[in-house]
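Just structure-v4.cif here, mmCIF, C-alpha atoms:
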data_work
loop_
_atom_site.label_atom_id
_atom_site.label_comp_id
_atom_site.auth_asym_id
_atom_site.auth_seq_id
_atom_site.Cartn_x
_atom_site.Cartn_y
_atom_site.Cartn_z
CA MET A 772 -22.09 -20.00 53.10
CA LYS A 773 -23.02 -21.93 49.96
CA ALA A 774 -25.11 -19.01 48.70
CA ALA A 775 -22.13 -16.64 49.02
CA SER A 776 -19.80 -18.93 47.05
CA ARG A 777 -22.48 -19.41 44.40
CA HIS A 778 -22.88 -15.62 44.13
CA GLN A 779 -19.11 -15.16 43.62
CA GLY A 780 -19.16 -17.75 40.84
CA VAL A 781 -21.87 -15.76 39.06
CA LYS A 782 -19.75 -12.60 39.27
CA ILE A 783 -16.79 -14.40 37.70
CA LYS A 784 -18.89 -15.75 34.86
CA HIS A 785 -20.43 -12.34 34.20
CA SER A 786 -17.02 -10.64 34.00
CA GLN A 787 -15.75 -13.32 31.61
CA MET A 788 -18.74 -12.80 29.34
CA SER A 789 -18.21 -9.05 29.16
CA GLU A 790 -14.57 -9.58 28.10
CA GLY A 791 -15.55 -11.92 25.28
CA LYS A 792 -18.43 -9.76 24.07
CA LYS A 793 -18.37 -9.13 20.33
CA MET A 794 -18.21 -5.67 18.82
CA THR A 795 -21.28 -4.41 17.01
CA SER A 796 -21.06 -3.95 13.27
CA SER A 797 -21.68 -0.19 13.48
CA ARG A 798 -18.83 0.23 15.99
CA ARG A 799 -16.54 -1.92 13.83
CA HIS A 800 -17.46 0.16 10.77
CA GLN A 801 -16.78 3.40 12.63
CA LEU A 802 -13.35 2.21 13.81
CA LYS A 803 -12.48 0.99 10.33
CA SER A 804 -13.36 4.35 8.77
CA LEU A 805 -11.27 6.17 11.39
CA MET A 806 -8.29 3.94 10.65
CA LEU A 807 -8.66 4.58 6.92
CA GLN A 808 -8.78 8.37 7.48
CA ILE A 809 -5.61 8.26 9.57
CA ALA A 810 -3.87 6.08 6.97
CA THR A 811 -4.78 8.49 4.13
CA LYS A 812 -3.40 11.43 6.15
CA TRP A 813 -0.16 9.55 6.72
CA LEU A 814 0.13 8.72 3.00
CA GLU A 815 -0.40 12.36 2.01
CA GLU A 816 2.22 13.52 4.52
CA GLU A 817 4.65 10.90 3.24
CA LYS A 818 4.13 12.05 -0.38
CA LYS A 819 4.73 15.66 0.62
CA SER A 820 7.92 14.78 2.52
CA ILE A 821 9.24 12.74 -0.43
CA ALA A 822 8.55 15.62 -2.83
CA ALA A 823 10.29 18.09 -0.46
CA ALA A 824 13.31 15.77 -0.13
CA LYS A 825 13.51 15.47 -3.91
CA GLU A 826 13.40 19.25 -4.36
CA ALA A 827 16.13 19.73 -1.73
CA TYR A 828 18.34 17.09 -3.38
CA LEU A 829 17.91 18.62 -6.84
CA ALA A 830 18.62 22.12 -5.52
CA GLU A 831 21.78 20.89 -3.78
CA ASN A 832 23.21 18.55 -6.45
CA CYS A 833 21.79 19.95 -9.69
CA PRO A 834 21.95 23.74 -9.75
CA LEU A 835 20.41 25.41 -12.77
CA PRO A 836 23.07 26.18 -15.39
CA ASP A 837 23.80 29.77 -16.27
CA LEU A 838 22.61 30.04 -19.86
CA SER A 839 23.60 33.66 -20.36
CA GLY A 840 26.71 33.87 -22.44
CA ASP A 841 28.16 33.20 -25.84
CA THR A 842 28.00 29.98 -27.82
CA ALA A 843 31.40 28.81 -26.62
CA ALA A 844 30.23 28.89 -22.99
CA LEU A 845 26.99 27.08 -23.88
CA THR A 846 28.87 24.34 -25.76
CA GLU A 847 31.16 23.94 -22.73
CA ILE A 848 28.09 23.53 -20.48
CA CYS A 849 26.65 20.92 -22.91
CA LYS A 850 29.94 18.99 -22.86
CA GLN A 851 29.91 18.99 -19.04
CA LEU A 852 26.30 17.75 -19.00
CA HIS A 853 27.13 14.94 -21.47
CA ALA A 854 30.12 13.91 -19.36
CA ALA A 855 27.91 13.82 -16.23
CA ILE A 856 25.28 11.76 -18.08
CA ASP A 857 27.94 9.27 -19.23
CA LYS A 858 29.29 8.92 -15.68
CA ILE A 859 25.78 8.32 -14.31
CA ASP A 860 25.06 5.77 -17.08
CA GLU A 861 28.21 3.83 -16.17
CA ALA A 862 27.22 3.82 -12.50
CA ARG A 863 23.71 2.62 -13.40
CA TYR A 864 25.13 -0.15 -15.62
CA ASP A 865 27.49 -1.29 -12.83
CA ALA A 866 24.62 -1.32 -10.33
CA GLU A 867 22.45 -3.39 -12.70
CA ALA A 868 25.30 -5.87 -13.23
CA LYS A 869 25.73 -6.25 -9.45
CA VAL A 870 21.99 -6.81 -9.01
CA GLN A 871 21.90 -9.44 -11.76
CA LYS A 872 24.92 -11.22 -10.24
CA ALA A 873 23.30 -11.20 -6.79
CA ASP A 874 20.01 -12.51 -8.27
CA LYS A 875 21.86 -15.37 -9.96
CA GLU A 876 23.67 -16.26 -6.71
CA ILE A 877 20.34 -16.23 -4.85
CA GLU A 878 18.80 -18.55 -7.45
CA ASP A 879 21.78 -20.93 -7.23
CA LEU A 880 21.53 -20.98 -3.44
CA LYS A 881 17.81 -21.72 -3.65
CA LEU A 882 18.52 -24.67 -5.94
CA LYS A 883 21.20 -25.95 -3.53
CA VAL A 884 18.75 -25.72 -0.63
CA VAL A 885 16.19 -27.73 -2.59
CA ASP A 886 18.86 -30.31 -3.50
CA LEU A 887 20.00 -30.62 0.13
CA ALA A 888 16.46 -30.91 1.46
CA GLY A 889 15.54 -33.46 -1.15
CA VAL A 890 12.31 -33.66 -3.01
CA LYS A 891 9.54 -35.27 -1.03
CA LYS A 892 7.54 -37.64 -3.11
CA PRO A 893 3.82 -37.23 -2.56
CA ALA A 894 1.87 -40.20 -1.32
CA LEU A 895 0.26 -42.06 -4.16
CA LYS A 896 -3.48 -42.31 -4.19
CA LYS A 897 -5.36 -45.41 -5.15
CA VAL A 898 -7.21 -44.82 -8.36
CA ARG A 899 -9.70 -47.22 -9.81
CA MET A 900 -9.08 -47.13 -13.51
CA SER A 901 -9.62 -49.66 -16.24
CA ALA A 902 -6.81 -50.77 -18.50
CA ASP A 903 -8.42 -48.88 -21.40
CA ALA A 904 -8.55 -45.66 -19.36
CA MET A 905 -4.88 -46.07 -18.35
CA LEU A 906 -3.76 -46.58 -21.93
CA LYS A 907 -5.81 -43.60 -23.10
CA ALA A 908 -4.27 -41.46 -20.35
CA LEU A 909 -0.74 -42.56 -21.30
CA LEU A 910 -1.03 -42.76 -25.08
CA GLY A 911 -3.77 -40.23 -25.73
CA SER A 912 -5.83 -40.63 -28.87
CA LYS A 913 -3.36 -43.17 -30.36
CA HIS A 914 -4.90 -45.90 -28.22
CA THR A 915 -7.18 -48.12 -30.27
CA VAL A 916 -6.58 -51.58 -28.75
CA ASN A 917 -9.44 -52.88 -26.67
CA MET A 918 -8.14 -54.23 -23.38
CA ASP A 919 -11.35 -55.98 -22.38
CA LEU A 920 -9.66 -59.24 -21.51
CA ARG A 921 -12.85 -61.18 -20.90
CA ALA A 922 -14.05 -60.43 -24.42
CA ASN A 923 -10.74 -61.66 -25.86
CA LEU A 924 -10.80 -64.97 -24.00
CA LYS A 925 -11.24 -68.07 -26.07
CA GLN A 926 -14.54 -69.71 -25.40
CA VAL A 927 -14.30 -73.40 -24.63
CA LYS A 928 -17.36 -75.58 -24.74
CA LYS A 929 -17.55 -78.42 -22.28
CA GLU A 930 -18.15 -81.74 -23.88
CA THR A 931 -20.70 -83.87 -22.15
CA LYS A 932 -19.71 -87.48 -21.99
CA GLU A 933 -22.50 -89.74 -22.91
CA GLU A 934 -22.24 -93.12 -21.28
CA PRO A 935 -24.19 -95.92 -22.68
CA THR A 936 -27.41 -96.44 -20.79
CA GLU A 937 -27.06 -100.21 -21.04
CA ALA A 938 -24.11 -100.22 -18.64
CA ILE A 939 -26.01 -98.29 -16.03
CA GLY A 940 -28.97 -100.57 -15.98
CA ASP A 941 -31.96 -100.33 -13.79
CA TRP A 942 -31.56 -98.49 -10.52
CA ARG A 943 -33.68 -100.93 -8.61
CA LYS A 944 -31.35 -103.73 -9.50
CA ASN A 945 -28.37 -101.78 -8.12
CA ILE A 946 -30.18 -101.23 -4.85
CA GLU A 947 -31.03 -104.92 -4.53
CA ASP A 948 -27.38 -105.84 -5.15
CA LYS A 949 -26.24 -103.49 -2.43
CA ALA A 950 -28.82 -104.88 -0.03
CA ASP A 951 -27.47 -108.39 -0.69
CA ARG A 952 -23.95 -107.23 0.16
CA LYS A 953 -25.21 -105.65 3.36
CA LYS A 954 -26.75 -108.95 4.39
CA MET A 955 -23.47 -110.71 3.72
CA PHE A 956 -21.61 -108.42 6.10
CA GLU A 957 -24.28 -108.66 8.75
CA SER A 958 -24.36 -112.43 8.70
CA SER A 959 -20.66 -112.91 9.16
#

How does this structure look as C-alpha coordinates?
Amino acid sequence: MKAASRHQGVKIKHSQMSEGKKMTSSRRHQLKSLMLQIATKWLEEEKKSIAAAKEAYLAENCPLPDLSGDTAALTEICKQLHAAIDKIDEARYDAEAKVQKADKEIEDLKLKVVDLAGVKKPALKKVRMSADAMLKALLGSKHTVNMDLRANLKQVKKETKEEPTEAIGDWRKNIEDKADRKKMFESS
(Lines of atoms letter the chains of each structure in order from A and count residues from 1; the text may use other names and numbers.)
(Lines give C-alpha, C1' and ligand atoms only; values in the text may rest on other atoms or scores of the structure.)
Protein backbone atom coordinates (compact mmCIF):
# COMPACT_ATOMS: atom_id res chain seq x y z
CA MET A 1 0.00 0.00 0.00
CA LYS A 2 2.79 2.42 0.91
CA ALA A 3 4.68 1.56 -2.28
CA ALA A 4 1.64 2.43 -4.41
CA SER A 5 1.17 5.84 -2.76
CA ARG A 6 4.89 6.54 -3.11
CA HIS A 7 4.70 5.64 -6.82
CA GLN A 8 1.78 8.06 -7.36
CA GLY A 9 3.77 10.84 -5.69
CA VAL A 10 6.60 10.26 -8.16
CA LYS A 11 4.19 10.55 -11.08
CA ILE A 12 2.90 13.89 -9.78
CA LYS A 13 6.39 15.27 -9.34
CA HIS A 14 7.42 14.12 -12.82
CA SER A 15 4.41 15.81 -14.45
CA GLN A 16 5.11 19.04 -12.57
CA MET A 17 8.71 19.03 -13.77
CA SER A 18 7.71 18.60 -17.41
CA GLU A 19 5.37 21.62 -17.16
CA GLY A 20 8.10 23.84 -15.75
CA LYS A 21 10.74 22.67 -18.21
CA LYS A 22 12.59 25.52 -19.90
CA MET A 23 12.66 26.01 -23.65
CA THR A 24 15.95 25.41 -25.43
CA SER A 25 17.69 28.39 -26.95
CA SER A 26 17.42 26.99 -30.50
CA ARG A 27 13.65 26.52 -30.13
CA ARG A 28 13.30 30.02 -28.67
CA HIS A 29 15.33 31.45 -31.56
CA GLN A 30 13.21 29.59 -34.11
CA LEU A 31 9.95 30.87 -32.58
CA LYS A 32 11.31 34.41 -32.42
CA SER A 33 12.29 34.36 -36.10
CA LEU A 34 8.84 33.04 -37.05
CA MET A 35 7.16 35.84 -35.08
CA LEU A 36 9.36 38.43 -36.79
CA GLN A 37 8.49 37.03 -40.25
CA ILE A 38 4.77 37.18 -39.49
CA ALA A 39 5.11 40.74 -38.15
CA THR A 40 6.96 41.91 -41.29
CA LYS A 41 4.23 40.41 -43.49
CA TRP A 42 1.57 42.22 -41.48
CA LEU A 43 3.47 45.52 -41.77
CA GLU A 44 3.80 45.15 -45.55
CA GLU A 45 0.09 44.37 -45.89
CA GLU A 46 -0.77 47.38 -43.72
CA LYS A 47 1.40 49.69 -45.88
CA LYS A 48 -0.27 48.38 -49.04
CA SER A 49 -3.77 48.88 -47.60
CA ILE A 50 -2.91 52.44 -46.48
CA ALA A 51 -1.57 53.28 -49.95
CA ALA A 52 -4.71 51.81 -51.60
CA ALA A 53 -6.98 53.79 -49.24
CA LYS A 54 -5.06 56.97 -50.05
CA GLU A 55 -5.39 56.38 -53.80
CA ALA A 56 -9.13 55.73 -53.45
CA TYR A 57 -9.62 58.90 -51.37
CA LEU A 58 -7.67 61.03 -53.86
CA ALA A 59 -9.58 59.58 -56.81
CA GLU A 60 -12.90 60.27 -55.08
CA ASN A 61 -12.24 63.73 -53.60
CA CYS A 62 -9.58 65.18 -55.90
CA PRO A 63 -10.35 64.43 -59.55
CA LEU A 64 -7.75 65.57 -62.04
CA PRO A 65 -8.68 68.96 -63.50
CA ASP A 66 -9.44 69.23 -67.19
CA LEU A 67 -6.58 71.34 -68.51
CA SER A 68 -7.77 71.45 -72.11
CA GLY A 69 -9.25 74.80 -72.86
CA ASP A 70 -8.51 78.46 -73.19
CA THR A 71 -6.75 80.70 -70.69
CA ALA A 72 -9.99 81.94 -69.18
CA ALA A 73 -10.99 78.39 -68.21
CA LEU A 74 -7.53 77.68 -66.79
CA THR A 75 -7.59 80.87 -64.69
CA GLU A 76 -11.02 79.86 -63.39
CA ILE A 77 -9.63 76.44 -62.38
CA CYS A 78 -6.67 78.16 -60.62
CA LYS A 79 -9.08 80.42 -58.71
CA GLN A 80 -11.10 77.38 -57.60
CA LEU A 81 -7.93 75.61 -56.46
CA HIS A 82 -6.79 78.69 -54.48
CA ALA A 83 -10.22 78.94 -52.83
CA ALA A 84 -10.05 75.23 -51.86
CA ILE A 85 -6.53 75.70 -50.46
CA ASP A 86 -7.67 78.69 -48.39
CA LYS A 87 -10.62 76.72 -46.99
CA ILE A 88 -8.36 73.80 -46.07
CA ASP A 89 -5.83 76.18 -44.45
CA GLU A 90 -8.58 77.68 -42.29
CA ALA A 91 -9.73 74.22 -41.22
CA ARG A 92 -6.13 73.24 -40.38
CA TYR A 93 -5.62 76.44 -38.36
CA ASP A 94 -8.87 75.83 -36.43
CA ALA A 95 -7.84 72.23 -35.71
CA GLU A 96 -4.41 73.37 -34.45
CA ALA A 97 -6.04 75.98 -32.19
CA LYS A 98 -8.36 73.31 -30.72
CA VAL A 99 -5.41 70.99 -30.11
CA GLN A 100 -3.40 73.73 -28.39
CA LYS A 101 -6.39 74.64 -26.21
CA ALA A 102 -6.91 71.00 -25.25
CA ASP A 103 -3.17 70.61 -24.46
CA LYS A 104 -3.29 73.67 -22.20
CA GLU A 105 -6.37 72.32 -20.38
CA ILE A 106 -4.62 68.96 -19.91
CA GLU A 107 -1.55 70.69 -18.47
CA ASP A 108 -3.71 72.75 -16.09
CA LEU A 109 -5.53 69.62 -14.93
CA LYS A 110 -2.21 67.86 -14.34
CA LEU A 111 -1.06 70.76 -12.18
CA LYS A 112 -4.34 70.66 -10.22
CA VAL A 113 -3.90 66.94 -9.62
CA VAL A 114 -0.39 67.51 -8.31
CA ASP A 115 -1.65 70.34 -6.06
CA LEU A 116 -4.48 68.18 -4.70
CA ALA A 117 -2.22 65.20 -4.09
CA GLY A 118 0.38 67.34 -2.42
CA VAL A 119 4.08 67.04 -2.82
CA LYS A 120 5.59 64.28 -0.74
CA LYS A 121 8.78 65.36 0.90
CA PRO A 122 11.48 62.73 0.61
CA ALA A 123 12.95 61.33 3.78
CA LEU A 124 16.12 63.11 4.71
CA LYS A 125 19.27 61.08 4.89
CA LYS A 126 21.88 61.51 7.55
CA VAL A 127 25.03 62.87 6.02
CA ARG A 128 28.29 63.17 7.86
CA MET A 129 29.74 66.43 6.70
CA SER A 130 32.09 68.88 8.32
CA ALA A 131 31.17 72.51 8.76
CA ASP A 132 33.73 73.46 6.08
CA ALA A 133 32.18 71.03 3.60
CA MET A 134 28.68 72.39 4.33
CA LEU A 135 29.76 75.98 3.79
CA LYS A 136 31.56 75.05 0.57
CA ALA A 137 28.44 73.25 -0.65
CA LEU A 138 26.23 76.24 0.18
CA LEU A 139 28.52 79.12 -0.74
CA GLY A 140 30.69 77.50 -3.39
CA SER A 141 34.15 78.92 -3.94
CA LYS A 142 33.36 82.08 -1.92
CA HIS A 143 33.96 80.16 1.30
CA THR A 144 37.33 81.01 2.79
CA VAL A 145 36.63 80.95 6.55
CA ASN A 146 38.10 78.00 8.36
CA MET A 147 35.50 76.43 10.63
CA ASP A 148 37.92 74.24 12.55
CA LEU A 149 36.63 75.27 15.94
CA ARG A 150 39.28 73.44 17.93
CA ALA A 151 42.03 75.37 16.17
CA ASN A 152 40.28 78.67 16.98
CA LEU A 153 39.91 77.93 20.69
CA LYS A 154 41.94 80.05 23.04
CA GLN A 155 44.59 78.04 24.76
CA VAL A 156 44.62 78.42 28.52
CA LYS A 157 47.59 77.30 30.52
CA LYS A 158 46.94 75.90 33.95
CA GLU A 159 48.87 77.60 36.65
CA THR A 160 50.42 75.29 39.15
CA LYS A 161 50.15 76.57 42.67
CA GLU A 162 53.34 76.24 44.53
CA GLU A 163 52.85 75.89 48.24
CA PRO A 164 55.71 76.55 50.48
CA THR A 165 57.44 73.36 51.48
CA GLU A 166 57.94 74.64 55.02
CA ALA A 167 54.23 74.40 55.77
CA ILE A 168 54.06 70.81 54.66
CA GLY A 169 56.87 69.64 56.82
CA ASP A 170 58.13 66.15 57.18
CA TRP A 171 55.72 63.37 56.38
CA ARG A 172 56.88 61.22 59.24
CA LYS A 173 55.92 63.90 61.69
CA ASN A 174 52.38 64.03 60.27
CA ILE A 175 52.02 60.29 60.67
CA GLU A 176 53.19 60.42 64.28
CA ASP A 177 50.68 63.18 65.04
CA LYS A 178 47.87 61.12 63.59
CA ALA A 179 48.96 58.09 65.59
CA ASP A 180 48.81 60.19 68.77
CA ARG A 181 45.25 61.24 67.96
CA LYS A 182 44.29 57.62 67.37
CA LYS A 183 45.59 56.70 70.80
CA MET A 184 43.55 59.50 72.34
CA PHE A 185 40.34 58.12 70.86
CA GLU A 186 41.16 54.58 71.83
CA SER A 187 41.92 55.45 75.42
CA SER A 188 38.70 57.28 76.06

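We find atom CA of Leu906 of chain A and atom CA of Lys891 of chain A to be spaced 27.2 Å apart.
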
query = Can you tell me how far atom CA of Thr846 of chain A sits from atom CA of Ile859 of chain A, in Å to one decimal?
reply = 19.9 Å

Find the smallest box with edges along x, y and z containing every listed atom of segment 870-882 of chain A, then add 5 Å on each side and report centre and edge lengths in Å to one decimal, as AutoDock Vina command-line options.
--center_x 21.4 --center_y -15.7 --center_z -7.6 --size_x 17.1 --size_y 27.9 --size_z 18.3

query = Interatomic distance between atom CA of Asp857 of chain A and atom CA of Asn832 of chain A?
reply = 16.5 Å

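Checking A:Met806, A:Glu878, A:Cys849, A:Gln926 one by one against Asp837 of chain A, counting all atoms listed in the file, you find the shortest gap at A:Cys849.
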
Would you mind completing segment 852-886 of chain A to N, CA and C atoms and writing the output as a short mmCIF file (atom, residue, chain, number, x, y, z; two decimals), keeping the file's coordinate frame?
data_model
loop_
_atom_site.label_atom_id
_atom_site.label_comp_id
_atom_site.auth_asym_id
_atom_site.auth_seq_id
_atom_site.Cartn_x
_atom_site.Cartn_y
_atom_site.Cartn_z
N LEU A 852 27.52 18.54 -19.24
CA LEU A 852 26.30 17.75 -19.00
C LEU A 852 26.41 16.35 -19.62
N HIS A 853 26.96 16.25 -20.83
CA HIS A 853 27.13 14.94 -21.47
C HIS A 853 28.10 14.06 -20.69
N ALA A 854 29.16 14.68 -20.16
CA ALA A 854 30.12 13.91 -19.36
C ALA A 854 29.45 13.40 -18.08
N ALA A 855 28.62 14.23 -17.45
CA ALA A 855 27.91 13.82 -16.23
C ALA A 855 26.92 12.70 -16.53
N ILE A 856 26.24 12.80 -17.68
CA ILE A 856 25.28 11.76 -18.08
C ILE A 856 26.00 10.43 -18.31
N ASP A 857 27.17 10.49 -18.98
CA ASP A 857 27.94 9.27 -19.23
C ASP A 857 28.39 8.62 -17.92
N LYS A 858 28.84 9.45 -16.97
CA LYS A 858 29.29 8.92 -15.68
C LYS A 858 28.12 8.25 -14.93
N ILE A 859 26.96 8.88 -14.98
CA ILE A 859 25.78 8.32 -14.31
C ILE A 859 25.34 7.03 -15.00
N ASP A 860 25.42 6.99 -16.34
CA ASP A 860 25.06 5.77 -17.08
C ASP A 860 25.97 4.61 -16.70
N GLU A 861 27.28 4.88 -16.57
CA GLU A 861 28.21 3.83 -16.17
C GLU A 861 27.88 3.31 -14.76
N ALA A 862 27.57 4.23 -13.86
CA ALA A 862 27.22 3.82 -12.50
C ALA A 862 25.94 2.99 -12.49
N ARG A 863 24.96 3.38 -13.32
CA ARG A 863 23.71 2.62 -13.40
C ARG A 863 23.97 1.22 -13.97
N TYR A 864 24.80 1.14 -15.01
CA TYR A 864 25.13 -0.15 -15.62
C TYR A 864 25.83 -1.06 -14.61
N ASP A 865 26.79 -0.50 -13.86
CA ASP A 865 27.49 -1.29 -12.83
C ASP A 865 26.51 -1.78 -11.76
N ALA A 866 25.59 -0.92 -11.35
CA ALA A 866 24.62 -1.32 -10.33
C ALA A 866 23.71 -2.44 -10.85
N GLU A 867 23.28 -2.34 -12.11
CA GLU A 867 22.45 -3.39 -12.70
C GLU A 867 23.19 -4.72 -12.77
N ALA A 868 24.49 -4.66 -13.14
CA ALA A 868 25.30 -5.87 -13.23
C ALA A 868 25.42 -6.52 -11.85
N LYS A 869 25.63 -5.71 -10.81
CA LYS A 869 25.73 -6.25 -9.45
C LYS A 869 24.42 -6.90 -9.03
N VAL A 870 23.31 -6.27 -9.37
CA VAL A 870 21.99 -6.81 -9.01
C VAL A 870 21.76 -8.14 -9.72
N GLN A 871 22.09 -8.20 -11.01
CA GLN A 871 21.90 -9.44 -11.76
C GLN A 871 22.78 -10.56 -11.19
N LYS A 872 24.01 -10.23 -10.82
CA LYS A 872 24.92 -11.22 -10.24
C LYS A 872 24.37 -11.73 -8.91
N ALA A 873 23.87 -10.80 -8.09
CA ALA A 873 23.30 -11.20 -6.79
C ALA A 873 22.06 -12.06 -6.99
N ASP A 874 21.21 -11.71 -7.98
CA ASP A 874 20.01 -12.51 -8.27
C ASP A 874 20.39 -13.93 -8.69
N LYS A 875 21.43 -14.05 -9.51
CA LYS A 875 21.86 -15.37 -9.96
C LYS A 875 22.39 -16.19 -8.78
N GLU A 876 23.15 -15.56 -7.90
CA GLU A 876 23.67 -16.26 -6.71
C GLU A 876 22.51 -16.72 -5.82
N ILE A 877 21.51 -15.87 -5.67
CA ILE A 877 20.34 -16.23 -4.85
C ILE A 877 19.63 -17.44 -5.46
N GLU A 878 19.46 -17.44 -6.77
CA GLU A 878 18.80 -18.55 -7.45
C GLU A 878 19.59 -19.84 -7.29
N ASP A 879 20.93 -19.74 -7.42
CA ASP A 879 21.78 -20.93 -7.23
C ASP A 879 21.66 -21.46 -5.81
N LEU A 880 21.65 -20.56 -4.83
CA LEU A 880 21.53 -20.98 -3.44
C LEU A 880 20.18 -21.64 -3.17
N LYS A 881 19.13 -21.11 -3.80
CA LYS A 881 17.81 -21.72 -3.65
C LYS A 881 17.80 -23.14 -4.19
N LEU A 882 18.45 -23.33 -5.35
CA LEU A 882 18.52 -24.67 -5.94
C LEU A 882 19.32 -25.62 -5.05
N LYS A 883 20.41 -25.12 -4.44
CA LYS A 883 21.20 -25.95 -3.53
C LYS A 883 20.39 -26.35 -2.31
N VAL A 884 19.59 -25.42 -1.79
CA VAL A 884 18.75 -25.72 -0.63
C VAL A 884 17.75 -26.81 -0.99
N VAL A 885 17.16 -26.72 -2.16
CA VAL A 885 16.19 -27.73 -2.59
C VAL A 885 16.90 -29.08 -2.75
N ASP A 886 18.12 -29.07 -3.33
CA ASP A 886 18.86 -30.31 -3.50
C ASP A 886 19.22 -30.93 -2.15
#
